[in-house]
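Enquirer: I am sharing input29.tsv, which consists of TSV, C-alpha atoms:
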chain	number	residue	atom	x	y	z
W	15	MET	CA	76.71	31.96	46.25
W	16	PRO	CA	75.11	35.40	45.91
W	17	THR	CA	76.44	38.56	47.53
W	18	ILE	CA	76.39	38.38	51.34
W	19	HIS	CA	76.01	41.68	53.18
W	20	TYR	CA	77.26	41.58	56.76
W	21	LEU	CA	75.50	44.33	58.73
W	22	THR	CA	76.73	45.44	62.13
W	23	THR	CA	75.39	49.00	62.58
W	24	ALA	CA	71.99	50.48	63.28
W	25	ASP	CA	72.16	52.67	60.16
W	26	ALA	CA	72.95	49.73	57.88
W	27	ILE	CA	70.13	47.68	59.42
W	28	ALA	CA	67.65	50.55	59.01
W	29	THR	CA	68.61	50.93	55.34
W	30	ALA	CA	68.21	47.21	54.72
W	31	ALA	CA	64.89	47.14	56.58
W	32	ALA	CA	63.57	49.99	54.42
W	33	HIS	CA	64.39	47.84	51.39
W	34	PHE	CA	62.73	44.74	52.88
W	35	ALA	CA	59.55	46.75	53.57
W	36	THR	CA	59.08	47.28	49.82
W	37	LEU	CA	59.20	43.55	49.00
W	38	PRO	CA	56.32	41.06	48.77
W	39	ARG	CA	58.33	38.51	50.75
W	40	ILE	CA	61.62	37.82	52.49
W	41	GLY	CA	63.30	34.60	53.55
W	42	ILE	CA	64.38	34.69	57.18
W	43	ASP	CA	66.09	32.62	59.86
W	44	LEU	CA	67.59	33.27	63.29
W	45	GLU	CA	70.65	31.85	64.99
W	46	PHE	CA	70.52	31.99	68.76
W	47	ASP	CA	72.06	30.41	71.82
W	48	ASP	CA	69.62	28.50	73.99
W	49	MET	CA	71.42	27.53	77.21
W	50	ARG	CA	74.41	26.11	75.30
W	51	HIS	CA	77.13	28.69	75.98
W	52	ARG	CA	75.41	31.31	78.17
W	53	TYR	CA	72.54	31.47	80.61
W	54	GLY	CA	69.18	32.03	78.94
W	55	ARG	CA	68.31	32.57	75.30
W	56	HIS	CA	70.32	35.08	73.28
W	57	LEU	CA	69.84	36.24	69.71
W	58	ALA	CA	73.11	35.86	67.80
W	59	LEU	CA	72.35	36.44	64.11
W	60	ILE	CA	69.46	37.22	61.76
W	61	GLN	CA	69.64	36.04	58.15
W	62	VAL	CA	67.44	37.60	55.47
W	63	PHE	CA	67.14	36.76	51.76
W	64	ASP	CA	65.48	39.28	49.42
W	65	GLY	CA	65.35	37.01	46.39
W	66	GLN	CA	68.79	37.97	45.09
W	67	GLN	CA	71.08	38.79	48.00
W	68	VAL	CA	71.64	37.58	51.55
W	69	TYR	CA	71.88	39.90	54.55
W	70	LEU	CA	73.53	38.69	57.74
W	71	ILE	CA	72.44	41.04	60.51
W	72	ASP	CA	74.75	40.84	63.52
W	73	PRO	CA	72.98	42.14	66.65
W	74	LEU	CA	75.91	41.71	69.05
W	75	PRO	CA	77.79	44.96	68.22
W	76	LEU	CA	74.63	47.08	68.56
W	77	PRO	CA	74.61	49.48	71.53
W	78	ASP	CA	70.87	48.99	72.08
W	79	MET	CA	69.87	45.73	70.44
W	80	ALA	CA	66.09	46.10	70.73
W	81	ALA	CA	66.00	49.72	69.58
W	82	ASP	CA	68.54	49.26	66.80
W	83	LEU	CA	66.69	46.23	65.42
W	84	GLU	CA	63.29	47.95	65.56
W	85	PRO	CA	63.24	48.85	61.82
W	86	LEU	CA	63.60	45.15	61.03
W	87	PHE	CA	61.06	44.20	63.69
W	88	ALA	CA	58.58	46.59	62.04
W	89	VAL	CA	58.93	44.56	58.84
W	90	LEU	CA	58.34	41.33	60.77
W	91	ARG	CA	55.11	42.80	62.17
W	92	ASP	CA	54.00	44.06	58.75
W	93	PRO	CA	51.37	41.71	57.23
W	94	ALA	CA	52.09	43.13	53.76
W	95	VAL	CA	55.47	41.35	53.67
W	96	ALA	CA	55.43	37.54	53.77
W	97	LYS	CA	58.12	35.99	55.97
W	98	VAL	CA	59.31	32.62	54.65
W	99	PHE	CA	60.84	30.41	57.37
W	100	HIS	CA	61.66	26.76	57.77
W	101	SER	CA	60.42	25.35	61.09
W	102	CYS	CA	59.87	28.76	62.62
W	103	LYS	CA	58.43	28.06	66.08
W	104	SER	CA	61.73	28.41	67.95
W	105	ASP	CA	62.46	31.65	66.11
W	106	ILE	CA	59.09	33.27	66.72
W	107	LEU	CA	59.12	32.17	70.37
W	108	LEU	CA	62.50	33.84	70.84
W	109	LEU	CA	61.28	37.05	69.16
W	110	ASP	CA	58.29	37.10	71.52
W	111	GLU	CA	60.25	36.19	74.65
W	112	VAL	CA	63.19	38.54	74.25
W	113	PHE	CA	61.74	41.43	72.22
W	114	SER	CA	57.93	41.08	72.46
W	115	VAL	CA	57.83	40.95	68.65
W	116	ASN	CA	54.99	38.98	67.07
W	117	CYS	CA	55.60	38.05	63.46
W	118	ARG	CA	52.81	38.41	60.88
W	119	ASN	CA	52.22	36.74	57.50
W	120	ILE	CA	54.32	33.64	58.10
W	121	VAL	CA	55.00	31.00	55.46
W	122	ASP	CA	56.69	27.94	56.95
W	123	THR	CA	58.17	25.41	54.52
W	124	SER	CA	58.13	22.79	57.28
W	125	VAL	CA	54.36	23.25	57.64
W	126	GLN	CA	53.94	23.03	53.88
W	127	PHE	CA	55.94	19.81	53.67
W	128	THR	CA	54.06	18.28	56.59
W	129	LEU	CA	50.72	18.88	54.88
W	130	LEU	CA	51.89	16.83	51.91
W	131	ALA	CA	51.61	13.93	54.39
W	132	ALA	CA	54.84	12.25	53.32
W	133	GLU	CA	56.20	9.48	55.52
W	134	ASP	CA	58.95	11.77	56.81
W	135	ASN	CA	56.87	14.71	58.01
W	136	ASN	CA	59.42	16.20	60.41
W	137	ILE	CA	62.15	17.14	57.99
W	138	SER	CA	65.23	19.31	58.52
W	139	LEU	CA	66.03	22.11	56.11
W	140	GLY	CA	69.12	20.28	54.87
W	141	ARG	CA	67.16	17.14	54.04
W	142	LEU	CA	64.36	19.16	52.47
W	143	ILE	CA	66.86	20.90	50.19
W	144	GLN	CA	68.31	17.53	49.24
W	145	ALA	CA	64.87	16.00	48.63
W	146	GLU	CA	63.41	18.90	46.65
W	147	LEU	CA	66.40	20.51	44.98
W	148	GLY	CA	68.70	17.52	44.62
W	149	PHE	CA	71.89	18.69	46.31
W	150	GLU	CA	73.41	18.81	49.78
W	151	VAL	CA	74.36	21.89	51.78
W	152	ASP	CA	77.07	21.82	54.40
W	153	LYS	CA	75.48	21.63	57.89
W	154	GLY	CA	78.78	21.31	59.75
W	155	GLU	CA	78.30	24.59	61.61
W	156	GLN	CA	74.92	23.64	63.05
W	157	LYS	CA	76.25	23.43	66.61
W	158	SER	CA	78.61	26.38	66.35
W	159	ASN	CA	78.93	28.91	69.13
W	160	TRP	CA	77.03	31.67	67.36
W	161	LEU	CA	77.83	34.15	70.13
W	162	LYS	CA	81.56	33.94	69.44
W	163	ARG	CA	83.10	36.67	67.29
W	164	PRO	CA	84.39	37.01	64.70
W	165	LEU	CA	82.21	34.64	62.72
W	166	THR	CA	84.16	32.35	60.42
W	167	GLU	CA	83.58	32.27	56.68
W	168	ALA	CA	82.18	28.75	57.13
W	169	GLN	CA	79.63	30.07	59.64
W	170	LYS	CA	78.61	32.88	57.30
W	171	GLU	CA	78.12	30.47	54.41
W	172	TYR	CA	76.12	28.10	56.61
W	173	ALA	CA	73.94	30.99	57.82
W	174	ALA	CA	73.37	32.19	54.24
W	175	ASN	CA	72.33	28.69	53.13
W	176	ASP	CA	69.58	28.72	55.78
W	177	VAL	CA	67.69	31.38	53.81
W	178	LEU	CA	69.09	31.15	50.28
W	179	TYR	CA	66.77	28.35	49.09
W	180	LEU	CA	63.58	29.22	50.96
W	181	PHE	CA	61.82	30.89	48.02
W	182	GLU	CA	62.50	27.99	45.68
W	183	LEU	CA	61.35	25.51	48.32
W	184	THR	CA	58.13	27.31	49.20
W	185	ASP	CA	57.24	27.79	45.52
W	186	ARG	CA	57.70	24.06	44.82
W	187	LEU	CA	55.77	23.00	47.90
W	188	SER	CA	52.99	25.54	47.24
W	189	ALA	CA	52.49	24.15	43.75
W	190	ARG	CA	52.21	20.59	45.05
W	191	LEU	CA	49.77	21.63	47.77
W	192	LEU	CA	47.67	23.45	45.18
W	193	GLU	CA	47.54	20.32	43.03
W	194	LEU	CA	46.30	18.32	46.02
W	195	GLY	CA	43.73	20.96	46.99
W	196	ARG	CA	45.54	21.70	50.24
W	197	ALA	CA	46.72	25.27	49.71
W	198	ASP	CA	44.05	26.53	52.11
W	199	TRP	CA	45.19	24.00	54.71
W	200	ALA	CA	48.65	25.56	54.65
W	201	ALA	CA	47.15	29.05	54.90
W	202	GLN	CA	45.22	28.00	58.02
W	203	GLU	CA	48.28	26.46	59.67
W	204	ASN	CA	50.51	29.42	58.83
W	205	LEU	CA	47.92	31.87	60.16
W	206	ALA	CA	47.82	29.92	63.44
W	207	LEU	CA	51.57	30.50	63.85
W	208	GLU	CA	50.89	34.22	64.32
W	209	ALA	CA	49.23	33.39	67.64
W	210	VAL	CA	52.18	31.39	69.03
W	211	ARG	CA	53.44	33.01	72.23
W	212	TYR	CA	56.21	32.26	74.69
W	213	GLY	CA	54.86	30.63	77.86
W	214	ARG	CA	55.99	32.77	80.76
W	215	ASP	CA	56.10	32.23	84.51
W	216	ASP	CA	56.17	28.44	84.83
W	217	PRO	CA	55.30	28.02	88.53
W	218	ARG	CA	57.39	24.83	88.85
W	219	PRO	CA	60.13	24.76	86.21
W	220	TRP	CA	61.81	21.77	87.91
W	221	SER	CA	58.81	19.50	87.36
W	222	ARG	CA	59.75	18.26	83.88
W	223	ASN	CA	63.23	17.18	84.96
W	224	ALA	CA	61.78	15.62	88.09
W	225	ALA	CA	59.40	13.51	86.02
W	226	LYS	CA	62.22	12.37	83.72
W	227	TYR	CA	64.28	11.12	86.68
W	228	LYS	CA	61.27	9.64	88.49
W	229	ILE	CA	61.74	11.84	91.54
W	230	THR	CA	59.34	10.75	94.28
W	231	PRO	CA	57.14	13.17	96.25
W	232	GLN	CA	59.41	12.61	99.27
W	233	GLU	CA	62.51	13.51	97.21
W	234	MET	CA	60.91	16.49	95.49
W	235	PRO	CA	61.77	19.19	98.10
W	236	ILE	CA	65.51	18.40	97.82
W	237	PHE	CA	65.34	18.19	94.03
W	238	ARG	CA	63.51	21.53	93.91
W	239	GLU	CA	66.04	23.32	96.09
W	240	LEU	CA	69.01	21.86	94.19
W	241	TYR	CA	67.40	22.91	90.90
W	242	LEU	CA	66.86	26.45	92.15
W	243	LEU	CA	70.40	26.67	93.56
W	244	ARG	CA	71.86	25.45	90.28
W	245	ASP	CA	69.81	28.06	88.40
W	246	ALA	CA	70.97	30.87	90.71
W	247	VAL	CA	74.64	29.94	90.24
W	248	ALA	CA	74.22	29.57	86.47
W	249	ARG	CA	72.56	32.97	86.24
W	250	GLN	CA	75.33	34.57	88.31
W	251	LEU	CA	78.04	32.98	86.16
W	252	ASP	CA	76.13	33.55	82.89
W	253	ARG	CA	76.61	29.88	82.07
W	254	PRO	CA	74.12	27.15	81.13
W	255	PRO	CA	72.83	25.27	84.19
W	256	TYR	CA	74.36	21.99	83.01
W	257	HIS	CA	77.81	23.65	83.31
W	258	VAL	CA	77.10	24.05	87.02
W	259	LEU	CA	75.54	20.65	87.66
W	260	SER	CA	74.44	18.04	85.15
W	261	ASN	CA	70.89	16.72	85.25
W	262	ASP	CA	72.21	13.29	86.17
W	263	LYS	CA	74.18	14.78	89.06
W	264	LEU	CA	71.13	16.74	90.15
W	265	ALA	CA	69.16	13.51	90.51
W	266	GLU	CA	72.11	11.77	92.19
W	267	LEU	CA	72.47	14.51	94.84
W	268	THR	CA	68.74	14.40	95.44
W	269	ARG	CA	68.99	10.77	96.46
W	270	SER	CA	72.36	11.08	98.21
W	271	PRO	CA	72.54	14.66	99.52
W	272	ILE	CA	75.81	16.29	100.54
W	273	GLU	CA	75.69	16.63	104.33
W	274	THR	CA	79.26	17.40	105.44
W	275	VAL	CA	82.07	19.74	104.45
W	276	MET	CA	84.29	16.74	103.67
W	277	GLN	CA	81.68	15.30	101.31
W	278	LEU	CA	81.46	18.67	99.59
W	279	ARG	CA	85.24	18.96	99.19
W	280	THR	CA	85.55	15.53	97.59
W	281	ALA	CA	82.39	15.64	95.50
W	282	ASN	CA	82.86	15.28	91.74
W	283	GLY	CA	80.78	16.85	89.00
W	284	LEU	CA	80.18	20.16	90.79
W	285	HIS	CA	81.16	23.56	89.42
W	286	PRO	CA	83.84	25.08	91.70
W	287	GLU	CA	81.47	27.93	92.57
W	288	LEU	CA	79.25	25.44	94.42
W	289	LYS	CA	82.15	24.77	96.79
W	290	ARG	CA	82.56	28.44	97.67
W	291	SER	CA	80.56	30.71	99.96
W	292	PRO	CA	77.65	31.44	99.93
W	293	TYR	CA	76.63	28.55	97.67
W	294	ALA	CA	78.55	25.92	99.64
W	295	GLU	CA	76.56	26.73	102.77
W	296	GLN	CA	73.31	26.63	100.81
W	297	LEU	CA	74.19	23.25	99.31
W	298	LEU	CA	74.97	21.81	102.75
W	299	ALA	CA	71.73	23.25	104.16
W	300	ILE	CA	69.72	21.48	101.46
W	301	GLY	CA	71.18	18.17	102.53
W	302	THR	CA	70.71	18.69	106.27
W	303	THR	CA	67.45	20.62	106.63
W	304	ASP	CA	63.86	19.41	106.72
W	305	LEU	CA	62.45	21.07	103.63
W	306	ALA	CA	58.82	21.99	103.11
W	307	PRO	CA	56.96	20.22	100.30
W	308	ASP	CA	55.63	22.18	97.35
W	309	ALA	CA	52.58	24.20	98.27
W	310	PRO	CA	49.43	23.28	96.33
W	311	LEU	CA	49.09	25.23	93.11
W	312	PRO	CA	46.15	27.62	92.75
W	313	ALA	CA	43.28	26.00	90.87
W	314	ASP	CA	43.91	28.06	87.70
W	315	GLN	CA	47.51	26.78	87.48
W	316	ARG	CA	46.78	23.08	87.86
W	317	LYS	CA	47.30	21.09	84.70
W	318	PHE	CA	45.50	17.85	85.42
W	319	PRO	CA	44.23	16.26	82.21
W	320	PHE	CA	40.51	16.75	81.70
W	321	ARG	CA	39.82	13.03	82.00
W	322	ARG	CA	41.42	12.89	85.47
W	323	ARG	CA	38.96	15.49	86.73
W	324	LEU	CA	35.96	13.29	85.93
W	325	SER	CA	34.39	10.45	87.84
W	326	GLY	CA	31.28	8.28	87.72
W	327	PRO	CA	28.97	8.55	84.68
W	328	ALA	CA	30.86	11.57	83.31
W	329	ALA	CA	34.10	9.58	83.19
W	330	THR	CA	32.29	6.73	81.43
W	331	ARG	CA	30.91	9.10	78.79
W	332	ALA	CA	34.36	10.66	78.27
W	333	GLU	CA	35.86	7.20	77.82
W	334	ALA	CA	33.21	6.40	75.20
W	335	ARG	CA	34.09	9.63	73.41
W	336	GLU	CA	37.77	8.68	73.39
W	337	THR	CA	36.94	5.21	72.03
W	338	MET	CA	34.95	6.79	69.22
W	339	LEU	CA	37.78	9.20	68.36
W	340	ASN	CA	40.30	6.37	68.23
W	341	ALA	CA	37.97	4.50	65.86
W	342	MET	CA	37.76	7.63	63.69
W	343	LYS	CA	41.53	7.86	63.69
W	344	GLY	CA	41.64	4.34	62.31
W	345	HIS	CA	39.22	5.34	59.56
W	346	LEU	CA	41.37	8.37	58.71
W	347	ALA	CA	44.40	6.11	58.44
W	348	THR	CA	42.49	3.86	56.06
W	349	ASP	CA	41.37	6.80	53.92
W	350	HIS	CA	44.44	9.04	54.00
W	351	GLY	CA	47.34	7.17	55.63
W	352	SER	CA	48.70	7.15	59.17
W	353	THR	CA	50.65	10.41	58.82
W	354	MET	CA	47.55	12.39	57.95
W	355	ALA	CA	45.49	10.55	60.58
W	356	ASN	CA	47.97	11.64	63.24
W	357	MET	CA	47.87	15.25	62.01
W	358	VAL	CA	44.10	15.34	62.43
W	359	LEU	CA	43.80	13.18	65.55
W	360	SER	CA	47.07	13.12	67.44
W	361	ASN	CA	46.90	12.01	71.07
W	362	ARG	CA	46.99	15.66	72.14
W	363	LEU	CA	44.18	16.62	69.80
W	364	ILE	CA	42.08	13.66	70.91
W	365	ALA	CA	42.44	14.85	74.51
W	366	ASP	CA	41.45	18.39	73.44
W	367	ILE	CA	38.43	17.15	71.50
W	368	ILE	CA	37.20	15.07	74.43
W	369	GLU	CA	37.02	18.28	76.46
W	370	LEU	CA	36.47	21.09	73.95
W	371	GLY	CA	34.85	19.37	70.98
W	372	ALA	CA	36.16	19.05	67.44
W	373	ASP	CA	34.73	22.38	66.29
W	374	ALA	CA	36.87	24.23	68.84
W	375	ALA	CA	39.97	22.00	68.89
W	376	LEU	CA	40.54	21.49	65.15
W	377	ARG	CA	41.31	23.79	62.24
W	378	PRO	CA	38.60	23.94	59.54
W	379	TRP	CA	40.59	21.68	57.20
W	380	GLN	CA	40.93	19.06	59.95
W	381	GLN	CA	37.21	19.28	60.72
W	382	GLN	CA	36.39	18.79	57.03
W	383	LEU	CA	38.62	15.74	56.69
W	384	LEU	CA	37.30	14.19	59.90
W	385	ARG	CA	33.69	14.89	58.96
W	386	GLU	CA	34.12	13.30	55.52
W	387	SER	CA	35.84	10.22	56.92
W	388	ALA	CA	33.24	9.82	59.68
W	389	GLU	CA	30.41	9.98	57.14
W	390	ARG	CA	32.17	7.48	54.87
W	391	HIS	CA	32.48	4.95	57.71
W	392	GLY	CA	29.08	5.44	59.33
W	393	GLU	CA	30.27	7.48	62.33
W	394	SER	CA	28.62	10.66	63.61
W	395	TYR	CA	30.88	13.71	63.59
W	396	GLU	CA	28.21	15.64	65.47
W	397	GLN	CA	28.70	13.43	68.54
W	398	ILE	CA	32.21	14.83	69.03
W	399	ALA	CA	31.71	18.32	67.54
W	400	ALA	CA	30.52	20.12	70.68
W	401	PRO	CA	32.26	20.52	74.07
W	402	PHE	CA	31.85	17.76	76.63
W	403	GLN	CA	28.94	18.39	78.96
W	404	VAL	CA	29.60	17.57	82.62
W	405	LEU	CA	26.08	16.93	83.89
Take the structure in this file and express it as C-alpha cells.

Expert:
Amino acid sequence: MPTIHYLTTADAIATAAAHFATLPRIGIDLEFDDMRHRYGRHLALIQVFDGQQVYLIDPLPLPDMAADLEPLFAVLRDPAVAKVFHSCKSDILLLDEVFSVNCRNIVDTSVQFTLLAAEDNNISLGRLIQAELGFEVDKGEQKSNWLKRPLTEAQKEYAANDVLYLFELTDRLSARLLELGRADWAAQENLALEAVRYGRDDPRPWSRNAAKYKITPQEMPIFRELYLLRDAVARQLDRPPYHVLSNDKLAELTRSPIETVMQLRTANGLHPELKRSPYAEQLLAIGTTDLAPDAPLPADQRKFPFRRRLSGPAATRAEARETMLNAMKGHLATDHGSTMANMVLSNRLIADIIELGADAALRPWQQQLLRESAERHGESYEQIAAPFQVL
C-alpha cells in the first residue's frame, strides 16, 4: 500500500490540488451517502491517486465545503487533466447536483470494459481488479456509514483501493480496445459523460414508487399525500424517508388509511414523529379527507412514449420501423454477439431511433456498426437514419 495522505483542511486541499493540476491524469472516486443515513445526498470523501500516492480528502471538517473544495473542483473542470473513474455516473451526478461542478476529460474503466463486449458487461471495480489484475481487494466496507467520524483504518484502506489500481486498469483496457479498433468508441462514450447532468424538479417524484406498488388512479391522491408527508418528516429529522415509513408501509396505508386516533396509536411501522403534532393531524386528515387528484401536467412535462402519441397510418409506419430495428438487432447479434447488439440497439435506443432517427440517437461508432450490419444483411440503414415524419 502506498502512502495515504488524509487531508482535512482547506490549505492542505489547495496544495494537493495545485499538484494535481500539473499531472496528465488522476484517478478519482467519491464516497457519499445517498438516503442511507441522512436525508438527501451528501459528499463524504474524495479519493485521488496521482500515480504514486493516494489522497483521501475529507470534506466534513471544512467550514465552507464548496469554497474549500474549489481548488480541487477547478482540476475536475480542467480538460488538460484526465480524470480516471470506474463507473462514474453517480459521482458526476452528485458533483453537478450538490456543487454544480461538471467534470471534463473523463476516462471511465467501466465504459472501456463494456466496449470490449464481454458477457459480463456491468462489472464492479472489485471484480474488474480480480479479472484483470488477478487478485482480490477487500470490499467489506462498501456499505459503511461514510458520514461517521473518525474513519476506521479499514475504511481508509478500502477507499484507497478504489483509486489505487485505476491507472493499471485503464492502461490494460485501452490497449485491448486499440487492438480491436475500438479506442475511438471509448473516446466517444467518455466524451458523452461530460454532458451528464442531474435531473432537477421532478414534478411527481412519487410516481415511480406508485408504479412499483401498482397504485390505482383512485388510490393515487392518498399515496401522493403520504409520500409528501413522509418526505417532510424525513427532511425535518434529517433521516432517510424509509426510516420514517417504509415503502411497503406507504402502500399499505394507501389501501388501508389511518382514520382514527386509536388506529394511529396502535399502528406499527411508523416513526414516532408521525404520532406527534402536527404530523399526526396531517396523517389523520389524509385518511379522512376527499383529496383532489393530480392536476394534468403541462404538455412539455408529459413523458408519454412517442409511439403512444401516434394513431392511424402514422402508428402503422412507426410499428414497421420498430419491426425493422428489431430485425437489425438480430443481425447485429449474429455479427457481433448479443452484448454488442444490445449496446447499439437497446430497447431505449430503439424507441429513440423510432422518433429521432439513428443519426441523432446513436453515437458515430454505433451508426457505423449498424450501417455495416444492415448492408451485410440487405437492410437499408437510410430508412431509419432520419427522424420519423408525422404526416

Enquirer: Would you work out the distance separating atom CA of Glu155 of chain W from atom CA of Glu171 of chain W, expressed in Å to one decimal?

Expert: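 Value for the atom CA of Glu155 of chain W-atom CA of Glu171 of chain W distance: 9.3 Å.
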
Enquirer: So which one's closest to Pro292 of chain W, W:Ala35, W:Arg190, W:Leu243, W:His391? Using only C-alpha atoms, please.

Expert: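 When distances to Pro292 of chain W are compared using only C-alpha atoms, the smallest one comes from W:Leu243.
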
Enquirer: Applying 9 Å and all atoms listed in the file, which residues near Thr22 of chain W remain after dropping the ones on its own chain fewer than 3 positions away? List them as a ChimeraX atom specification.

Expert: /W:25-27,70-76

Enquirer: Do a neighbour search on Arg211 of chain W at 12 Å with only C-alpha atoms, toss out local chain neighbours closer than 5 positions, and write the hits as a compact mmCIF listing (two decimals) with C-alpha atoms, keeping the file's coordinate frame.

Expert:
# COMPACT_ATOMS: atom_id res chain seq x y z
CA LYS W 103 58.43 28.06 66.08
CA SER W 104 61.73 28.41 67.95
CA ASP W 105 62.46 31.65 66.11
CA ILE W 106 59.09 33.27 66.72
CA LEU W 107 59.12 32.17 70.37
CA LEU W 108 62.50 33.84 70.84
CA LEU W 109 61.28 37.05 69.16
CA ASP W 110 58.29 37.10 71.52
CA GLU W 111 60.25 36.19 74.65
CA VAL W 112 63.19 38.54 74.25
CA PHE W 113 61.74 41.43 72.22
CA SER W 114 57.93 41.08 72.46
CA VAL W 115 57.83 40.95 68.65
CA ASN W 116 54.99 38.98 67.07
CA CYS W 117 55.60 38.05 63.46
CA ALA W 206 47.82 29.92 63.44

Enquirer: I'd like to know which of W:Leu305, W:Pro231, W:Tyr53, W:Leu339 is closest to Val247 of chain W, using only C-alpha atoms.

Expert: W:Tyr53

Enquirer: Using only C-alpha atoms, find the one residue out of W:Gln144, W:Asn135, W:Ser158, W:Thr184 that sits nearest to Ala96 of chain W.

Expert: W:Thr184

Enquirer: Just checking: using all atoms listed in the file, which residue out of W:Gly371, W:Pro254, W:Pro327, W:Gly154 ends up closest to Glu396 of chain W?

Expert: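 Under the stated criterion, the closest residue is W:Gly371.
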
Enquirer: Do you have the atom CA of Ala24 of chain W-atom CA of Gly65 of chain W distance handy?

Expert: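 If I compute the distance from atom CA of Ala24 of chain W to atom CA of Gly65 of chain W, I get 22.6 Å.
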
Enquirer: Neighbouring residues of segment 176-180 of chain W were defined as those with any atom within 6 Å, considering all atoms listed in the file; residues of the same chain fewer than 3 positions away were excluded. Please report them as an MDAnalysis selection string.

Expert: chainID W and resid 41:42 63 173 183

Enquirer: For atom CA of Arg186 of chain W and atom CA of Leu139 of chain W, determine how far apart the two atoms are, in Å to one decimal place.

Expert: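 Calculated distance between atom CA of Arg186 of chain W and atom CA of Leu139 of chain W is 14.2 Å.
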
Enquirer: Restricting the calculation to all atoms listed in the file: of W:Leu187, W:Ala372, W:Ile229, W:Val404, which residue gets closest to Ile143 of chain W?

Expert: W:Leu187

Enquirer: Can you pull out the residues contacting Lys226 of chain W? Cut-off 12 Å, using all atoms listed in the file, and skip same-chain residues under 2 positions away; I want them as a PyMOL selection string.

Expert: chain W and resi 220-224+228-230+261-262+264-265

Enquirer: Output C-alpha atoms of each residue in that selection to a file, as a PDB file, in the coordinates of the input.

Expert:
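Generated output (result.pdb):
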ATOM      1  CA  TRP W 220      61.810  21.770  87.910  1.00  0.00           C
ATOM      2  CA  SER W 221      58.810  19.500  87.360  1.00  0.00           C
ATOM      3  CA  ARG W 222      59.750  18.260  83.880  1.00  0.00           C
ATOM      4  CA  ASN W 223      63.230  17.180  84.960  1.00  0.00           C
ATOM      5  CA  ALA W 224      61.780  15.620  88.090  1.00  0.00           C
ATOM      6  CA  LYS W 228      61.270   9.640  88.490  1.00  0.00           C
ATOM      7  CA  ILE W 229      61.740  11.840  91.540  1.00  0.00           C
ATOM      8  CA  THR W 230      59.340  10.750  94.280  1.00  0.00           C
ATOM      9  CA  ASN W 261      70.890  16.720  85.250  1.00  0.00           C
ATOM     10  CA  ASP W 262      72.210  13.290  86.170  1.00  0.00           C
ATOM     11  CA  LEU W 264      71.130  16.740  90.150  1.00  0.00           C
ATOM     12  CA  ALA W 265      69.160  13.510  90.510  1.00  0.00           C
TER      13      ALA W 265
END

Enquirer: If you count all atoms listed in the file, which residues fall within 6 Å of Thr123 of chain W, apart from same-chain ones fewer than 2 positions away, as an MDAnalysis selection string?

Expert: chainID W and resid 100 125:126 184

Enquirer: Using only C-alpha atoms, list the residues that have an atom at most 10 Å from (71.6, 32.1, 77.1), coordinates as in the file, as a list of chain:residue names.

Expert: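 Collected hits near the coordinates: W:Phe46, W:Asp47, W:Asp48, W:Met49, W:Arg50, W:His51, W:Arg52, W:Tyr53, W:Gly54, W:Arg55, W:His56, W:Leu57, W:Leu161, W:Arg249, W:Asp252, W:Arg253, W:Pro254, W:Pro255.
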
Enquirer: Selection from above, C-alpha atoms, as a PDB file, in the coordinates of the input, can you write it?

Expert:
ATOM      1  CA  PHE W  46      70.520  31.990  68.760  1.00  0.00           C
ATOM      2  CA  ASP W  47      72.060  30.410  71.820  1.00  0.00           C
ATOM      3  CA  ASP W  48      69.620  28.500  73.990  1.00  0.00           C
ATOM      4  CA  MET W  49      71.420  27.530  77.210  1.00  0.00           C
ATOM      5  CA  ARG W  50      74.410  26.110  75.300  1.00  0.00           C
ATOM      6  CA  HIS W  51      77.130  28.690  75.980  1.00  0.00           C
ATOM      7  CA  ARG W  52      75.410  31.310  78.170  1.00  0.00           C
ATOM      8  CA  TYR W  53      72.540  31.470  80.610  1.00  0.00           C
ATOM      9  CA  GLY W  54      69.180  32.030  78.940  1.00  0.00           C
ATOM     10  CA  ARG W  55      68.310  32.570  75.300  1.00  0.00           C
ATOM     11  CA  HIS W  56      70.320  35.080  73.280  1.00  0.00           C
ATOM     12  CA  LEU W  57      69.840  36.240  69.710  1.00  0.00           C
ATOM     13  CA  LEU W 161      77.830  34.150  70.130  1.00  0.00           C
ATOM     14  CA  ARG W 249      72.560  32.970  86.240  1.00  0.00           C
ATOM     15  CA  ASP W 252      76.130  33.550  82.890  1.00  0.00           C
ATOM     16  CA  ARG W 253      76.610  29.880  82.070  1.00  0.00           C
ATOM     17  CA  PRO W 254      74.120  27.150  81.130  1.00  0.00           C
ATOM     18  CA  PRO W 255      72.830  25.270  84.190  1.00  0.00           C
TER      19      PRO W 255
END

Enquirer: Considering all atoms listed in the file, can you say which of W:Ala30, W:Ala400, W:Leu297, W:Arg279 comes closest to Ala375 of chain W?

Expert: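 For Ala375 of chain W, the nearest of the candidates is W:Ala400.
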
Enquirer: Please produce segment 44-50 of chain W, completed to N, CA and C atoms, as a PDB file, in the frame of the given file.

Expert:
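Below is the file that was written, result-v3.pdb:
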ATOM      1  N   LEU W  44      66.859  32.725  62.142  1.00  0.00           N
ATOM      2  CA  LEU W  44      67.590  33.270  63.290  1.00  0.00           C
ATOM      3  C   LEU W  44      68.566  32.223  63.800  1.00  0.00           C
ATOM      4  N   GLU W  45      69.737  32.676  64.202  1.00  0.00           N
ATOM      5  CA  GLU W  45      70.650  31.850  64.990  1.00  0.00           C
ATOM      6  C   GLU W  45      70.649  32.410  66.407  1.00  0.00           C
ATOM      7  N   PHE W  46      70.523  31.518  67.376  1.00  0.00           N
ATOM      8  CA  PHE W  46      70.520  31.990  68.760  1.00  0.00           C
ATOM      9  C   PHE W  46      71.120  30.921  69.661  1.00  0.00           C
ATOM     10  N   ASP W  47      71.504  31.335  70.831  1.00  0.00           N
ATOM     11  CA  ASP W  47      72.060  30.410  71.820  1.00  0.00           C
ATOM     12  C   ASP W  47      70.986  30.149  72.872  1.00  0.00           C
ATOM     13  N   ASP W  48      70.654  28.879  73.038  1.00  0.00           N
ATOM     14  CA  ASP W  48      69.620  28.500  73.990  1.00  0.00           C
ATOM     15  C   ASP W  48      70.254  27.607  75.056  1.00  0.00           C
ATOM     16  N   MET W  49      70.819  28.246  76.081  1.00  0.00           N
ATOM     17  CA  MET W  49      71.420  27.530  77.210  1.00  0.00           C
ATOM     18  C   MET W  49      72.536  26.576  76.773  1.00  0.00           C
ATOM     19  N   ARG W  50      73.280  26.938  75.714  1.00  0.00           N
ATOM     20  CA  ARG W  50      74.410  26.110  75.300  1.00  0.00           C
ATOM     21  C   ARG W  50      75.737  26.715  75.755  1.00  0.00           C
TER      22      ARG W  50
END
